[in-house]
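Notes for the one structure printed next.
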Amino acid sequence: EPVENQVVCNGDNTTEVVFETTNEDGTMTYRWTNDNTAIGLAVSGEGNIAAFTATNTTNAPIVANIEVTPYFKNDGVTCSGESMTFTITVNPTANVKPVSDQVLCHSESTADVVFETTNVDGTMTYHWTNDNTAIGLEDTEGEGIVPAFTTINQGIEPQTANFIVTPTFTYEGVSCTGNPDTFQIVVNPEVVMDQPNDTTLCRATMSKVISFHSQLDPKVTYNWHHSNTAIGVTVADGTGDIMPFLADNSGTTPLVDTVTVTPTYTDNGIQCVGEPKIFVITVNPEVVMNKPANQTIGHD
């Protein structure tokens, strides 16, 4: 009688193939051949085909064509019948190419995470999970790509989300799940620095050190730019604290210097730039008074 084709996954057990007939009053034997031993089955045999562990070391389904010939024996005479062919298809193990970890800054837009495979000749699906929605991705799981999102981290430490993606290969109605892959998305915290105070100095006085601060120190560096070096600062740009300088103003009106400070946080191998802060240094001019005129007062 006809034998149903089988489709199984690599590493799974096949169903025992039991040959049956409508013949009676004699002895039936069955001899079979297999044209593809890569599935884990011998090249030939006699009788039923016992269940075996299917194998497929490739990236695509492999098919074995099995031809079985029946023999009927009665009164010492053996008669062969018409051969019949059926197939055993072994699907490959589903795989997903490794996904690179990502390190991002707060409020940065990610790209879609698109999964890829070396499997062919079937349909691939991917199921993923995310253990930390605090990074800005609200979904704890999904199918297919991990969609783009805007990162969030308003804390003081990096946030790490661990992703697990499980691939599934489907062919001829049979789905085979492969080994999962893991990757991380790390979001560095938002870079916020304290607002520096404006300051006013008198000409020819020494300033104090102007220091910059953030709750993310010491992983933050500060780059500053002066708009007016005539106040006595010798350079227009610098990094770190603004060291003491001798205030200068050779004019007669206050000199105003607008200072822009940009904080940069460095962690996990990347730099995240925060919003600049602006403050003002004012240097008053030298205090000069006109010499009063001599006066002569008469006596009546």
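Chain lettering (A, B, ...) mirrors the order of the structure tokens, residue numbering begins at 1 for each chain separately, and ligand numbering begins at 1 in order of display.
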
So that I can see what lies close to A:Met124, please list as a PDB file with all heavy atoms, in the first residue's frame the residues with an atom at most 7 Å from it, counting only C-alpha atoms and leaving out residues fewer than 6 positions away in the same chain.
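Final file, part-v8.pdb:
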ATOM      1  N   PRO A 167      15.581  31.475  15.768  1.00  0.00           N
ATOM      2  CA  PRO A 167      15.191  31.304  14.368  1.00  0.00           C
ATOM      3  C   PRO A 167      14.361  30.034  14.160  1.00  0.00           C
ATOM      4  O   PRO A 167      14.551  29.027  14.844  1.00  0.00           O
ATOM      5  CB  PRO A 167      16.541  31.182  13.661  1.00  0.00           C
ATOM      6  CG  PRO A 167      17.409  30.477  14.667  1.00  0.00           C
ATOM      7  CD  PRO A 167      16.945  30.975  16.024  1.00  0.00           C
ATOM      8  N   THR A 168      13.444  30.091  13.206  1.00  0.00           N
ATOM      9  CA  THR A 168      12.638  28.926  12.834  1.00  0.00           C
ATOM     10  C   THR A 168      12.609  28.806  11.311  1.00  0.00           C
ATOM     11  O   THR A 168      12.313  29.780  10.619  1.00  0.00           O
ATOM     12  CB  THR A 168      11.206  29.038  13.370  1.00  0.00           C
ATOM     13  OG1 THR A 168      11.250  29.106  14.805  1.00  0.00           O
ATOM     14  CG2 THR A 168      10.370  27.830  12.963  1.00  0.00           C
ATOM     15  N   PHE A 169      12.935  27.598  10.833  1.00  0.00           N
ATOM     16  CA  PHE A 169      12.943  27.297   9.396  1.00  0.00           C
ATOM     17  C   PHE A 169      11.737  26.423   9.081  1.00  0.00           C
ATOM     18  O   PHE A 169      11.514  25.404   9.739  1.00  0.00           O
ATOM     19  CB  PHE A 169      14.238  26.564   9.022  1.00  0.00           C
ATOM     20  CG  PHE A 169      14.350  26.169   7.575  1.00  0.00           C
ATOM     21  CD1 PHE A 169      14.936  27.010   6.651  1.00  0.00           C
ATOM     22  CD2 PHE A 169      13.866  24.937   7.139  1.00  0.00           C
ATOM     23  CE1 PHE A 169      15.048  26.641   5.317  1.00  0.00           C
ATOM     24  CE2 PHE A 169      13.969  24.563   5.806  1.00  0.00           C
ATOM     25  CZ  PHE A 169      14.563  25.419   4.895  1.00  0.00           C
ATOM     26  N   THR A 170      10.957  26.823   8.073  1.00  0.00           N
ATOM     27  CA  THR A 170       9.754  26.069   7.717  1.00  0.00           C
ATOM     28  C   THR A 170       9.818  25.645   6.255  1.00  0.00           C
ATOM     29  O   THR A 170      10.098  26.463   5.367  1.00  0.00           O
ATOM     30  CB  THR A 170       8.484  26.897   7.960  1.00  0.00           C
ATOM     31  OG1 THR A 170       8.427  27.287   9.340  1.00  0.00           O
ATOM     32  CG2 THR A 170       7.240  26.101   7.612  1.00  0.00           C
TER      33      THR A 170
END

Write out as a tab-separated table (two decimals) with C-alpha atoms, in the first residue's frame each polymer residue whose atoms come within 8 Å of A:Thr33, counting only C-alpha atoms; drop sequence neighbours fewer than 2 positions from it.
chain	number	residue	atom	x	y	z
A	31	ARG	CA	13.38	-4.80	0.01
A	35	ASP	CA	19.53	7.16	-2.75
A	43	VAL	CA	21.66	2.60	1.48
A	44	SER	CA	19.43	-0.49	1.51
A	45	GLY	CA	17.60	-2.91	3.72
A	66	ILE	CA	13.34	5.41	-1.12
A	67	GLU	CA	12.23	2.68	-3.48
A	68	VAL	CA	10.58	-0.40	-2.00

When distances are computed from only C-alpha atoms, which of A:Gly81, A:Gly136, A:Pro61, A:Glu275 shows the smallest separation from A:Asn23? A:Gly81

Using only C-alpha atoms, determine which residues lie at most 7 Å from stretch 185-192 of chain A, disregarding the query and same-chain residues fewer than 4 positions distant; provide the list as JSON, numbers by chain. {"A": [101, 102, 103, 104, 105, 106, 135, 151, 153, 154, 155, 156, 157, 158, 159, 160, 161, 162, 214, 263, 265, 273, 274, 275]}

My list of candidates is A:Ala230, A:Ile281, A:Ala64, A:Val114. Which is closest to A:Val146 when distances are computed with only C-alpha atoms?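 When distances to A:Val146 are compared using only C-alpha atoms, the smallest one comes from A:Val114.
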
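Considering only C-alpha atoms, the residue among A:Val220, A:Ala60, A:Leu201, A:Ile164 positioned nearest to A:Leu255 is A:Leu201.
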
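Close contacts of A:Ala204, defined as residues with an atom at most 8 Å away when counting only C-alpha atoms, with chain neighbours fewer than 3 positions off set aside, comprise Leu246, Ala247 and Asp248 of chain A.
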
Using Å and a single decimal, report how far atom CA of A:Trp32 sits from atom CA of A:Asn10.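 Calculated distance between atom CA of A:Asn10 and atom CA of A:Trp32 is 22.4 Å.
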
Rounded to one decimal, what separation in Å do you get between atom CA of A:Val3 and atom CA of A:Asn59? 27.0 Å

With only C-alpha atoms as the counted atoms, please give the residues lying no more than 8 Å from A:Gly144, apart from itself and same-chain residues fewer than 4 positions off, as a PDB file with N, CA and C atoms, in the first residue's frame.
ATOM      1  N   VAL A 114      17.807  43.845  11.687  1.00  0.00           N
ATOM      2  CA  VAL A 114      17.314  42.890  10.695  1.00  0.00           C
ATOM      3  C   VAL A 114      18.109  41.596  10.842  1.00  0.00           C
ATOM      4  N   PHE A 115      17.412  40.489  11.006  1.00  0.00           N
ATOM      5  CA  PHE A 115      18.073  39.203  11.203  1.00  0.00           C
ATOM      6  C   PHE A 115      18.323  38.532   9.847  1.00  0.00           C
ATOM      7  N   THR A 125      11.521  32.559  10.038  1.00  0.00           N
ATOM      8  CA  THR A 125      10.902  33.500  10.961  1.00  0.00           C
ATOM      9  C   THR A 125      11.800  33.633  12.179  1.00  0.00           C
ATOM     10  N   TYR A 126      11.650  34.775  12.859  1.00  0.00           N
ATOM     11  CA  TYR A 126      12.497  35.050  14.019  1.00  0.00           C
ATOM     12  C   TYR A 126      11.626  35.584  15.158  1.00  0.00           C
ATOM     13  N   HIS A 127      11.799  34.991  16.325  1.00  0.00           N
ATOM     14  CA  HIS A 127      11.111  35.470  17.527  1.00  0.00           C
ATOM     15  C   HIS A 127      12.166  36.008  18.482  1.00  0.00           C
ATOM     16  N   TRP A 128      11.959  37.251  18.977  1.00  0.00           N
ATOM     17  CA  TRP A 128      12.948  37.852  19.873  1.00  0.00           C
ATOM     18  C   TRP A 128      12.295  38.311  21.174  1.00  0.00           C
TER      19      TRP A 128
END

Computed interatomic separation between atom CA of A:Pro98 and atom CA of A:Asp267 (Å):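 Taking atom CA of A:Pro98 and atom CA of A:Asp267, their separation equals 23.7 Å.
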
I'd like to know which of A:Ser250, A:Thr123, A:Thr69, A:Thr199 is closest to A:Ala94, using only C-alpha atoms. A:Thr123
